[in-house]
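This is start.txt. It holds compact mmCIF, C-alpha atoms.
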```txt
# COMPACT_ATOMS: atom_id res chain seq x y z
CA MET A 1 0.00 0.00 0.00
CA ASP A 2 1.15 3.53 -0.78
CA GLU A 3 2.73 5.49 2.12
CA GLN A 4 0.40 8.44 1.56
CA ASP A 5 -2.63 6.13 1.84
CA LEU A 6 -1.27 4.71 5.08
CA ILE A 7 -0.72 8.21 6.43
CA SER A 8 -4.24 9.39 5.57
CA ARG A 9 -5.76 6.21 7.05
CA SER A 10 -3.63 6.69 10.19
CA LYS A 11 -4.91 10.26 10.45
CA SER A 12 -8.46 8.93 10.54
CA GLY A 13 -7.54 6.67 13.48
CA ASP A 14 -6.63 3.44 11.68
CA VAL A 15 -4.07 1.82 14.00
CA GLU A 16 -3.41 -1.04 11.59
CA ALA A 17 -2.33 1.41 8.91
CA PHE A 18 -0.13 3.28 11.36
CA ASN A 19 1.50 0.03 12.46
CA LEU A 20 2.42 -0.72 8.85
CA LEU A 21 4.30 2.59 8.87
CA VAL A 22 5.91 1.63 12.19
CA GLU A 23 7.14 -1.65 10.74
CA GLN A 24 8.60 0.25 7.82
CA TYR A 25 10.56 2.74 9.94
CA GLN A 26 11.23 1.00 13.27
CA ARG A 27 14.64 -0.32 12.23
CA MET A 28 15.81 3.13 11.16
CA VAL A 29 14.47 4.80 14.32
CA TYR A 30 15.95 2.12 16.58
CA ASN A 31 19.37 2.46 14.95
CA LEU A 32 19.30 6.25 15.30
CA ALA A 33 18.37 5.93 18.98
CA LEU A 34 21.01 3.26 19.57
CA ARG A 35 23.75 5.39 18.06
CA MET A 36 22.59 8.56 19.77
CA LEU A 37 22.22 6.99 23.20
CA GLY A 38 24.86 4.24 23.00
CA ASN A 39 22.62 1.94 25.03
CA ALA A 40 20.24 -0.72 23.72
CA GLU A 41 17.71 -0.52 26.55
CA ALA A 42 17.45 3.26 26.39
CA ALA A 43 17.20 3.03 22.60
CA GLU A 44 14.21 0.68 22.90
CA ASP A 45 12.47 3.10 25.25
CA ALA A 46 13.19 6.05 22.95
CA CYS A 47 11.93 4.07 19.98
CA GLN A 48 8.66 3.17 21.72
CA ASP A 49 8.21 6.79 22.85
CA THR A 50 8.83 7.94 19.29
CA PHE A 51 6.06 5.86 17.76
CA LEU A 52 3.60 6.59 20.54
CA SER A 53 4.23 10.33 20.11
CA ALA A 54 3.98 9.97 16.34
CA TYR A 55 0.64 8.16 16.67
CA LYS A 56 -0.73 10.89 18.93
CA ALA A 57 0.55 13.65 16.64
CA ILE A 58 -0.21 12.09 13.26
CA GLY A 59 -3.15 14.47 12.85
CA LYS A 60 -0.69 17.38 12.89
CA PHE A 61 1.47 15.94 10.11
CA ARG A 62 1.14 18.41 7.25
CA GLY A 63 2.74 16.43 4.46
CA GLY A 64 6.36 16.37 3.27
CA SER A 65 8.73 13.57 4.16
CA PHE A 66 7.21 11.20 6.73
CA LYS A 67 10.66 9.72 7.27
CA SER A 68 12.12 13.11 8.27
CA TRP A 69 9.09 13.79 10.48
CA VAL A 70 9.50 10.51 12.36
CA LEU A 71 13.26 11.03 12.65
CA ARG A 72 12.64 14.45 14.13
CA ILE A 73 10.38 12.95 16.80
CA ALA A 74 13.01 10.27 17.41
CA ALA A 75 15.71 12.93 17.81
CA ASN A 76 13.55 14.73 20.37
CA SER A 77 12.97 11.47 22.27
CA CYS A 78 16.73 10.89 22.30
CA HIS A 79 17.35 14.41 23.62
CA ASP A 80 14.86 13.73 26.42
CA LYS A 81 16.57 10.46 27.30
CA LEU A 82 19.99 12.09 27.28
CA ARG A 83 18.73 14.86 29.54
CA VAL A 84 17.47 12.29 32.05
CA ALA A 85 20.67 10.25 31.73
CA ARG A 86 22.75 13.37 32.44
CA ARG A 87 20.61 14.15 35.49
CA TYR A 88 21.07 10.66 36.94
CA ARG A 89 24.59 10.13 35.54
CA VAL A 90 23.60 6.97 33.75
CA VAL A 91 26.40 6.24 31.30
CA SER A 92 26.47 2.89 29.61
CA LEU A 93 27.83 2.29 26.17
CA ASP A 94 26.98 -0.57 23.90
CA THR A 95 29.62 -1.03 21.25
CA LEU A 96 28.73 -0.30 17.66
CA LEU A 97 29.51 -3.07 15.26
CA LEU A 98 31.24 -2.29 11.99
CA GLU A 99 30.57 -4.14 8.78
CA PRO A 100 33.51 -6.20 7.50
CA ASP A 101 35.54 -4.35 4.87
CA GLU A 102 35.02 -5.01 1.15
CA LEU A 103 37.78 -7.60 0.90
CA HIS A 104 36.43 -9.73 3.74
CA GLN A 105 32.86 -9.25 2.61
CA ALA A 106 33.72 -10.48 -0.87
CA ASN A 107 35.71 -13.52 0.27
CA ASN A 108 33.74 -14.22 3.42
CA ASN A 109 37.00 -15.22 5.12
CA GLU A 110 37.37 -12.89 8.08
CA SER A 111 39.76 -14.28 10.66
CA PRO A 112 38.98 -14.12 14.42
CA GLU A 113 41.70 -11.48 14.76
CA ASP A 114 40.10 -9.32 12.08
CA TYR A 115 36.74 -9.70 13.77
CA ALA A 116 38.26 -8.65 17.11
CA LEU A 117 39.87 -5.62 15.42
CA ARG A 118 36.58 -4.68 13.87
CA ARG A 119 34.88 -4.82 17.26
CA GLU A 120 37.63 -2.73 18.79
CA LEU A 121 37.25 -0.11 16.10
CA GLY A 122 33.51 -0.10 16.65
CA ARG A 123 34.09 0.54 20.34
CA PHE A 124 36.34 3.53 19.57
CA LEU A 125 33.86 4.92 17.12
CA SER A 126 31.02 4.49 19.58
CA GLU A 127 33.01 6.28 22.26
CA GLY A 128 34.00 9.01 19.81
CA LEU A 129 30.36 9.64 18.87
CA THR A 130 29.32 10.03 22.50
CA HIS A 131 32.07 12.65 22.89
CA LEU A 132 30.44 14.86 20.25
CA PRO A 133 27.98 17.55 21.30
CA GLU A 134 24.42 16.31 20.81
CA ASP A 135 23.61 18.52 17.82
CA GLN A 136 26.78 17.48 15.95
CA ARG A 137 26.30 13.82 16.89
CA LEU A 138 22.79 13.82 15.51
CA VAL A 139 23.85 15.33 12.19
CA VAL A 140 26.86 13.00 11.83
CA ILE A 141 24.74 9.92 12.56
CA LEU A 142 21.91 10.94 10.24
CA SER A 143 24.25 11.84 7.40
CA ASP A 144 27.17 9.42 7.64
CA VAL A 145 25.66 6.41 9.38
CA GLN A 146 22.01 6.54 8.30
CA GLY A 147 22.90 7.92 4.88
CA LEU A 148 20.39 10.79 4.75
CA SER A 149 20.90 13.66 2.32
CA TYR A 150 21.68 17.15 3.63
CA GLU A 151 18.11 18.21 2.90
CA GLU A 152 16.63 15.26 4.81
CA VAL A 153 18.96 15.94 7.73
CA ALA A 154 17.85 19.58 7.74
CA GLN A 155 14.20 18.50 7.87
CA ALA A 156 14.81 15.88 10.54
CA THR A 157 16.69 18.29 12.78
CA GLY A 158 14.58 21.35 12.01
CA SER A 159 17.69 23.30 11.02
CA SER A 160 18.77 25.21 7.96
CA LEU A 161 20.99 23.63 5.29
CA GLY A 162 23.87 25.91 6.31
CA THR A 163 23.60 24.78 9.94
CA VAL A 164 23.63 21.13 8.84
CA LYS A 165 26.77 21.63 6.75
CA SER A 166 28.53 23.46 9.53
CA ARG A 167 27.59 20.89 12.21
CA LEU A 168 28.58 18.02 9.95
CA ASN A 169 31.97 19.55 9.23
CA ARG A 170 32.66 20.27 12.91
CA GLY A 171 31.35 16.87 14.00
CA ARG A 172 33.47 14.93 11.52
CA THR A 173 36.56 16.96 12.40
CA ARG A 174 36.00 16.44 16.10
CA LEU A 175 35.46 12.72 15.69
CA ARG A 176 38.56 12.49 13.52
CA ASP A 177 40.57 14.29 16.23
CA PHE A 178 39.22 11.92 18.88
CA LEU A 179 40.35 8.91 16.85
CA LEU A 180 43.74 10.46 16.07
CA GLN A 181 44.39 11.05 19.76
CA ARG A 182 44.01 7.31 20.30
CA GLU A 183 45.70 6.33 17.09
CA GLU A 184 48.24 4.11 18.82
CA LEU A 185 45.33 1.99 20.06
CA LEU A 186 43.94 1.57 16.57
CA PRO A 187 45.09 -1.30 14.38
CA SER A 188 47.63 -0.09 11.81
CA LYS A 189 45.35 -0.71 8.86
CA PHE A 190 42.79 1.67 10.40
CA ARG A 191 45.19 4.46 11.31
CA LEU A 192 44.04 7.75 9.87
CA ASN A 193 47.41 9.52 9.63
CA LYS A 194 49.43 6.88 7.85
CA MET B 1 45.08 19.17 13.70
CA PHE B 2 47.07 19.68 10.53
CA ARG B 3 48.56 23.18 10.17
CA GLY B 4 49.08 24.64 6.69
CA LYS B 5 51.25 27.62 5.77
CA GLY B 6 48.66 29.69 3.94
CA GLU B 7 46.44 29.89 7.08
CA PRO B 8 43.53 32.06 5.79
CA LEU B 9 43.08 30.02 2.60
CA CYS B 10 43.66 26.76 4.51
CA CYS B 11 40.91 27.70 6.96
CA LYS B 12 38.53 28.47 4.11
CA VAL B 13 39.35 25.21 2.31
CA ARG B 14 39.07 23.10 5.48
CA GLY B 15 35.65 24.56 6.06
CA MET B 16 34.64 23.16 2.67
CA LEU B 17 36.31 19.73 2.93
CA SER B 18 33.25 18.03 4.36
CA GLU B 19 31.11 19.21 1.45
CA TYR B 20 33.92 18.33 -0.95
CA ILE B 21 33.91 14.73 0.34
CA ASP B 22 30.14 14.56 -0.18
CA SER B 23 30.44 16.17 -3.66
CA ARG B 24 28.19 19.00 -2.56
CA LEU B 25 30.41 21.91 -3.70
CA ASP B 26 29.63 23.96 -6.77
CA SER B 27 32.17 23.85 -9.59
CA GLU B 28 33.82 27.14 -8.59
CA ASN B 29 34.49 26.09 -4.99
CA LYS B 30 35.38 22.58 -6.04
CA SER B 31 38.17 23.83 -8.34
CA LEU B 32 39.35 26.21 -5.60
CA VAL B 33 39.67 23.31 -3.15
CA GLU B 34 41.38 21.06 -5.68
CA ARG B 35 43.91 23.76 -6.66
CA HIS B 36 44.71 24.34 -3.00
CA LEU B 37 45.05 20.63 -2.21
CA GLU B 38 47.68 20.30 -4.97
CA ILE B 39 49.96 22.76 -3.20
CA CYS B 40 49.06 22.23 0.51
CA GLU B 41 50.16 18.97 2.06
CA ALA B 42 48.59 19.72 5.45
CA CYS B 43 45.15 20.23 3.93
CA SER B 44 45.60 17.09 1.83
CA LYS B 45 46.27 15.11 5.01
CA GLU B 46 43.29 16.75 6.62
CA LEU B 47 41.15 15.64 3.69
CA GLU B 48 42.51 12.13 3.82
CA SER B 49 41.87 11.73 7.54
CA LEU B 50 38.38 13.15 7.24
CA ARG B 51 37.61 10.84 4.36
CA MET B 52 38.82 7.86 6.41
CA THR B 53 36.59 8.93 9.32
CA VAL B 54 33.57 9.17 7.03
CA GLN B 55 34.35 5.76 5.55
CA LEU B 56 34.51 4.27 9.03
CA LEU B 57 31.14 5.82 9.85
CA HIS B 58 29.69 4.37 6.65
CA ARG B 59 30.74 0.94 7.84
CA VAL B 60 28.75 1.07 11.05
CA ALA B 61 26.47 -1.93 10.82
CA GLU B 62 22.73 -1.51 11.01
CA VAL B 63 21.22 -3.70 13.68
CA PRO B 64 17.72 -5.16 13.46
CA ALA B 65 15.10 -3.84 15.85
CA PRO B 66 15.05 -6.17 18.88
CA ARG B 67 11.24 -6.26 18.91
CA SER B 68 8.22 -4.77 17.24
CA PHE B 69 7.34 -1.21 18.25
CA THR B 70 3.81 -1.31 16.88
CA VAL B 71 1.25 0.74 18.75
CA THR B 72 -1.67 -0.88 20.55
CA VAL B 73 -4.68 1.20 21.46
CA PRO B 74 -6.11 0.05 24.79
CA GLU B 75 -9.81 -0.86 24.72
CA PRO B 76 -11.98 1.53 26.70
CA ARG B 77 -12.33 0.07 30.17
CA ARG B 78 -15.74 -0.40 31.78
CA GLU B 79 -16.31 2.08 34.53
CA SER B 80 -16.81 0.36 37.88
CA ALA B 81 -19.28 1.56 40.50
CA PHE B 82 -16.37 3.12 42.39
CA GLY B 83 -14.50 4.58 39.44
CA PRO B 84 -13.59 8.25 38.95
CA ALA B 85 -17.21 9.06 37.99
CA SER B 86 -18.51 7.88 41.35
CA MET B 87 -15.91 10.03 43.10
CA ARG B 88 -17.37 12.98 41.27
CA TRP B 89 -20.68 12.75 43.17
CA LEU B 90 -19.39 11.20 46.43
CA ARG B 91 -17.32 14.20 47.41
CA PRO B 92 -19.95 16.93 47.00
CA ALA B 93 -22.64 14.67 48.52
CA THR B 94 -20.53 14.09 51.62
CA ALA B 95 -19.73 17.78 51.86
CA ILE B 96 -23.39 18.79 51.59
CA VAL B 97 -24.55 16.29 54.23
CA ALA B 98 -21.72 17.26 56.58
CA ILE B 99 -22.53 20.96 56.21
CA ALA B 100 -26.23 20.29 56.86
CA LEU B 101 -25.33 18.36 60.01
CA VAL B 102 -23.08 21.13 61.28
CA VAL B 103 -25.78 23.77 60.64
CA LEU B 104 -28.35 21.67 62.50
CA LEU B 105 -26.06 21.08 65.45
CA MET B 106 -25.18 24.77 65.65
CA GLY B 107 -28.83 25.75 65.48
CA ASP B 108 -29.72 23.23 68.14
CA PHE B 109 -26.94 24.44 70.33
CA LEU B 110 -28.03 28.07 70.04
CA HIS B 111 -31.74 27.16 70.67
CA GLY B 112 -32.58 28.33 67.23
CA PHE B 113 -35.51 25.93 67.05
CA GLU B 114 -37.31 26.78 70.20
CA ASN B 115 -39.90 28.97 68.57
CA ASN B 116 -40.98 25.97 66.50
CA VAL B 117 -40.97 23.81 69.58
CA ARG B 118 -43.38 26.10 71.36
CA SER B 119 -46.07 25.70 68.75
CA ASN B 120 -45.81 21.94 68.97
CA SER B 121 -48.01 20.36 71.61
CA GLY B 122 -46.73 16.81 71.56
CA PRO B 123 -47.61 14.10 74.04
CA GLY B 124 -44.52 14.80 76.12
CA ASN B 125 -45.60 18.31 77.06
CA VAL B 126 -46.76 18.96 80.59
CA THR B 127 -48.37 22.17 81.68
CA LEU B 128 -47.58 23.30 85.15
CA SER B 129 -49.75 25.77 86.93
CA ALA B 130 -48.29 28.63 88.90
CA GLY B 131 -49.04 26.69 92.06
CA GLN B 132 -46.65 23.93 91.07
CA LEU B 133 -43.81 26.34 91.19
CA ALA B 134 -42.01 26.83 94.40
CA PRO B 135 -43.11 29.87 96.38
CA SER B 136 -42.31 32.87 94.27
CA SER B 137 -39.97 34.63 96.57
CA ALA B 138 -37.38 37.07 95.29
CA ALA B 139 -34.63 34.59 96.21
CA THR B 140 -36.29 31.77 94.20
CA GLU B 141 -36.80 33.96 91.18
CA GLN B 142 -33.10 34.74 91.30
CA GLN B 143 -32.36 31.00 91.14
CA ILE B 144 -34.65 30.28 88.19
CA MET B 145 -32.76 30.87 84.91
CA VAL B 146 -34.80 31.66 81.86
CA ALA B 147 -34.07 32.22 78.17
CA VAL B 148 -35.98 34.91 76.34
CA PRO B 149 -36.54 34.45 72.58
CA GLY B 150 -34.63 37.02 70.60
CA VAL B 151 -32.22 37.72 73.48
CA MET B 152 -28.84 36.04 73.62
CA GLY B 153 -27.91 34.18 76.77
CA GLN B 154 -29.91 33.51 79.92
CA MET B 155 -31.17 35.64 82.74
CA SER B 156 -32.84 35.07 86.07
CA LEU B 157 -36.63 34.97 86.25
CA ALA B 158 -36.52 38.03 88.52
CA THR B 159 -34.62 40.01 85.88
CA ALA B 160 -36.99 38.87 83.12
CA LYS B 161 -39.96 39.99 85.16
CA ALA B 162 -38.31 43.28 86.06
CA VAL B 163 -37.62 44.04 82.39
CA GLY B 164 -41.23 43.13 81.53
CA TYR B 165 -40.73 40.00 79.40
CA THR B 166 -43.80 37.82 79.43
CA ASP B 167 -42.56 35.14 77.04
CA TYR B 168 -39.61 33.13 78.27
CA THR B 169 -38.21 29.65 78.67
CA MET B 170 -37.09 28.30 81.97
CA VAL B 171 -33.72 26.65 81.48
CA ARG B 172 -32.81 25.36 84.90
CA SER B 173 -34.21 25.72 88.34
CA SER B 174 -34.06 23.99 91.65
CA ALA B 175 -37.38 25.58 92.59
CA VAL B 176 -39.55 23.66 90.08
CA SER B 177 -41.23 20.57 91.36
CA GLN B 178 -40.67 18.16 88.48
CA PRO B 179 -43.06 15.30 87.73
CA ALA B 180 -41.26 12.00 88.37
CA ALA B 181 -42.27 10.41 85.04
CA SER B 182 -41.03 13.18 82.83
CA PRO B 183 -37.44 14.34 82.92
CA ILE B 184 -37.16 18.00 82.11
CA PRO B 185 -34.50 18.76 79.54
CA SER B 186 -36.01 22.11 78.78
CA VAL B 187 -38.90 24.10 80.16
CA LEU B 188 -40.96 26.53 78.17
CA GLY B 189 -42.53 29.34 80.09
CA ASN B 190 -45.36 31.68 79.34
CA GLU B 191 -46.36 34.09 82.00
CA GLY B 192 -49.46 36.15 81.55
CA PRO B 193 -50.42 39.21 83.54
CA THR B 194 -52.12 37.08 86.20
CA GLY B 195 -49.28 34.75 87.02
CA ALA B 196 -46.65 32.30 85.83
CA GLN B 197 -47.53 29.41 83.58
CA VAL B 198 -44.78 27.00 82.66
CA ILE B 199 -44.90 24.34 79.95
CA VAL B 200 -42.59 21.46 80.69
CA ARG B 201 -41.47 19.49 77.59
CA GLY B 202 -40.28 15.91 77.92
CA GLU B 203 -37.87 13.89 75.61
CA GLY B 204 -40.72 12.47 73.56
CA GLY B 205 -41.82 15.96 72.61
CA VAL B 206 -41.00 18.43 69.92
CA GLY B 207 -37.17 18.00 70.04
CA TRP B 208 -37.37 14.42 68.90
CA PRO B 209 -37.71 15.02 65.10
CA LEU B 210 -34.69 17.30 65.31
CA ARG B 211 -32.65 14.66 67.10
CA GLN B 212 -33.72 12.06 64.54
CA THR B 213 -32.60 14.32 61.71
CA GLU B 214 -29.25 14.93 63.38
CA ILE B 215 -28.65 11.22 63.98
CA GLY B 216 -29.67 10.43 60.41
CA LEU B 217 -27.35 13.04 58.95
CA GLY B 218 -24.49 11.86 61.17
CA ALA B 219 -24.98 8.29 59.99
CA ALA B 220 -25.13 9.47 56.37
CA VAL B 221 -21.82 11.32 56.78
CA PHE B 222 -20.18 8.17 58.16
CA VAL B 223 -21.53 6.02 55.35
CA LEU B 224 -20.45 8.49 52.66
CA LEU B 225 -16.97 8.84 54.18
CA GLY B 226 -16.67 5.05 54.22
CA LEU B 227 -17.68 4.86 50.57
CA MET B 228 -15.13 7.54 49.66
CA ILE B 229 -12.30 5.69 51.40
CA TYR B 230 -13.34 2.42 49.74
CA ALA B 231 -13.54 4.04 46.30
CA ARG B 232 -10.09 5.61 46.76
CA ARG B 233 -8.56 2.25 47.72
CA GLN B 234 -10.15 0.59 44.72
CA ARG B 235 -8.67 3.25 42.45
CA ARG B 236 -5.19 2.86 43.94
CA LYS B 237 -5.38 -0.90 43.45
CA LYS B 238 -6.27 -0.39 39.79
CA VAL B 239 -3.45 2.13 39.21
CA GLY B 240 -0.98 -0.28 40.82
CA ALA B 241 -2.20 -3.15 38.68
CA ARG B 242 -1.78 -1.20 35.45
```
Please go through the file and, once you have read it, give me the structure as C-alpha cells.
Amino acid sequence: MDEQDLISRSKSGDVEAFNLLVEQYQRMVYNLALRMLGNAEAAEDACQDTFLSAYKAIGKFRGGSFKSWVLRIAANSCHDKLRVARRYRVVSLDTLLLEPDELHQANNNESPEDYALRRELGRFLSEGLTHLPEDQRLVVILSDVQGLSYEEVAQATGSSLGTVKSRLNRGRTRLRDFLLQREELLPSKFRLNK
Amino acid sequence: MFRGKGEPLCCKVRGMLSEYIDSRLDSENKSLVERHLEICEACSKELESLRMTVQLLHRVAEVPAPRSFTVTVPEPRRESAFGPASMRWLRPATAIVAIALVVLLMGDFLHGFENNVRSNSGPGNVTLSAGQLAPSSAATEQQIMVAVPGVMGQMSLATAKAVGYTDYTMVRSSAVSQPAASPIPSVLGNEGPTGAQVIVRGEGGVGWPLRQTEIGLGAAVFVLLGLMIYARRQRRKKVGAR
C-alpha cells in the first residue's frame, strides 16, 4: 500500500495502517536511537516513545517527508533520554559493530583477529560519537551512518541547510581528532594519519 | 590538527572539505579546493583523515530492531461503581450532608428551634400551673434561669420579670417541682399578667424530630466517608495493577 494512503488512514484513526508505517521505519528509528544513546535498553524506550508520540501527533502531520518527520520525533525522544541520563549520571555504552571491509565481505573469510579488530574499532567509534555535542552527533549519525541527504537531515533536525553543513563539518573533524588522539590503540590498517 | 602555511586560505578550504567529500560543492568552490590541495600537504592530510573517518562511519552496521514497536490502542475500560465518575458525586454529597449536620447542630446548640418547639403540643408536654412552682420569693426567682426568645444568653426569672418579658423559657431551676415520670431537659414558660404558667417538655416531645434528623445526617456522613475511602482504595489498586 502507498505510504500516503497509510498516512491518511492513520490520520483517521486506523491503528493497523499506522503500524504498517511503524514496521517500515522501526529499524531506522531504533538504529538512530542506539547510536545517539549508546545503550540498547534506552534506545528501545526512545523508539517506543517515538512511535507513541507519532501516533498521537499524526493528525498534525502536514505532508512532506514522513521519514524526516519521524526522525525528528526520534531525535527529540533521544534528547529527552539524554537529559534524564545526564541528570542521573547513567552512562552505559553498547559497542557499535562495523561491517567487514570489502575484501572480507567479498571472500567471506574474516579471521577471528580481524573480527576482534573490527569490534575494537567499533568501540572507539562508539566512544567518539558520545564525545560529540548532541547537535553534531545527531547530524553526523543521520548523514554518515544513516545515509540521509543534507536536505533530509535539515528537515529531521529542524535546522537550515547551512547549519547542517557546519555541524557536519565540525562533527566529523572532532570525531577524527578523537580517533587520532588514540591512534596508537587503533590497528595499523585503520590508522588515519598513515 | 594539521597546520598549513597559507592559514587564511587553509581555513577556508578546510571549512569546505566536508562538502567536498560529499560532492556538494559547486564547480567554482570545487576547483578552488582542488587547486589548493595540490599545493598544501597539510590540507591534503586533513582531507585524507576526514575521508577515512567518514568511511569508518559508513561501515557502522545496522542492527535489526530487537522487537516490534507497533502501537496498541487500549480498549476503553468499563467504569466500575467506584471509578472516577462515582468520586465525582461522592465528594460533594458528603460535603453537603456534613454541612447540613453542622448547621443543625449549631442551630440546636443556640436554641434556634425553640420557637418551633413552642407551637408543637406533643404528648410529652406537661403544663404546670403557677401553684406547682415553688413559692415565688425574690430569692427563688433569682435561682430560676430563663431564656428569652430574641435575646442572647440567659437571665434570672426576677430580671426577666423586672424588664417586663412575658414570654420566656425556663432553662434550669431547683425551685420547680418536676413530675417523676417526665425528665425536664427544657422548660418553656409563658407568663401572663395574672401569674406564671410554665410548659414542661419531655424527651418524647418536639425536640425528637430534630434529634432524629441529626442522627440520620451523622450516619449518612459516616456512610459516605466510608464509601469515599473504599472508592479511593479501589482506584489505587487499579493504578498499581496497570
>> To one decimal place in Å, what is the distance between CA of Ser44 in chain B and CA of Glu127 in chain A?
In response: 26.3 Å
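The two atoms in question, CA of Asp2 in chain A and CA of Glu151 in chain A, are spaced 22.7 Å apart.
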> Any idea what's packed within 7 Å of range 14-16 of chain B, counting only C-alpha atoms, ignoring anything in its chain fewer than 3 positions away? Could you give it as JSON, numbers by chain?
Replying inline: {"A": [169], "B": [10, 11, 19, 20, 43]}
Okay, now the selection with C-alpha atoms, as a compact mmCIF listing (two decimals), in the frame of the given file?
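Dumped everything to selection13.txt:
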```
# COMPACT_ATOMS: atom_id res chain seq x y z
CA ASN A 169 31.97 19.55 9.23
CA CYS B 10 43.66 26.76 4.51
CA CYS B 11 40.91 27.70 6.96
CA GLU B 19 31.11 19.21 1.45
CA TYR B 20 33.92 18.33 -0.95
CA CYS B 43 45.15 20.23 3.93
```
>> Using all atoms listed in the file, I'd like every residue of chain B that has an atom within 10 Å of chain A; please write them out as a ChimeraX atom specification.
In response: /B:1,14-19,22,24,45-73
Given the selection you just returned, output its residues as a file containing C-alpha atoms, formatted as a CSV table (one decimal), keeping the file's coordinate frame.
```
chain,number,residue,atom,x,y,z
B,1,MET,CA,45.1,19.2,13.7
B,14,ARG,CA,39.1,23.1,5.5
B,15,GLY,CA,35.6,24.6,6.1
B,16,MET,CA,34.6,23.2,2.7
B,17,LEU,CA,36.3,19.7,2.9
B,18,SER,CA,33.2,18.0,4.4
B,19,GLU,CA,31.1,19.2,1.4
B,22,ASP,CA,30.1,14.6,-0.2
B,24,ARG,CA,28.2,19.0,-2.6
B,45,LYS,CA,46.3,15.1,5.0
B,46,GLU,CA,43.3,16.8,6.6
B,47,LEU,CA,41.2,15.6,3.7
B,48,GLU,CA,42.5,12.1,3.8
B,49,SER,CA,41.9,11.7,7.5
B,50,LEU,CA,38.4,13.2,7.2
B,51,ARG,CA,37.6,10.8,4.4
B,52,MET,CA,38.8,7.9,6.4
B,53,THR,CA,36.6,8.9,9.3
B,54,VAL,CA,33.6,9.2,7.0
B,55,GLN,CA,34.4,5.8,5.6
B,56,LEU,CA,34.5,4.3,9.0
B,57,LEU,CA,31.1,5.8,9.8
B,58,HIS,CA,29.7,4.4,6.6
B,59,ARG,CA,30.7,0.9,7.8
B,60,VAL,CA,28.8,1.1,11.0
B,61,ALA,CA,26.5,-1.9,10.8
B,62,GLU,CA,22.7,-1.5,11.0
B,63,VAL,CA,21.2,-3.7,13.7
B,64,PRO,CA,17.7,-5.2,13.5
B,65,ALA,CA,15.1,-3.8,15.8
B,66,PRO,CA,15.0,-6.2,18.9
B,67,ARG,CA,11.2,-6.3,18.9
B,68,SER,CA,8.2,-4.8,17.2
B,69,PHE,CA,7.3,-1.2,18.2
B,70,THR,CA,3.8,-1.3,16.9
B,71,VAL,CA,1.2,0.7,18.8
B,72,THR,CA,-1.7,-0.9,20.6
B,73,VAL,CA,-4.7,1.2,21.5
```
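For the pair CA of Glu120 in chain A and CA of Met36 in chain A, the interatomic distance is 18.8 Å.
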Report, as lines of an AutoDock Vina configuration file, the centre and edge lengths in Å (one decimal) of the axis-aligned box enclosing every listed atom of range 43-48 of chain B, padded by 6 Å on each side.
```
center_x = 43.7
center_y = 16.2
center_z = 4.2
size_x = 17.1
size_y = 20.1
size_z = 16.8
```
>> If we count only C-alpha atoms and set the cut-off at 12 Å, which residues sit around Ala93 in chain B, ignoring sequence neighbours fewer than 5 positions away in its own chain? Please answer as a ChimeraX atom specification.
In response: /B:86-88,98-100,217,220-225,227-228
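Of the residues under consideration (A:Leu117, A:Ala75, A:Val84, A:Ala154), A:Ala75 shows the shortest atom-to-atom contact distance to Leu138 in chain A when counting only C-alpha atoms.
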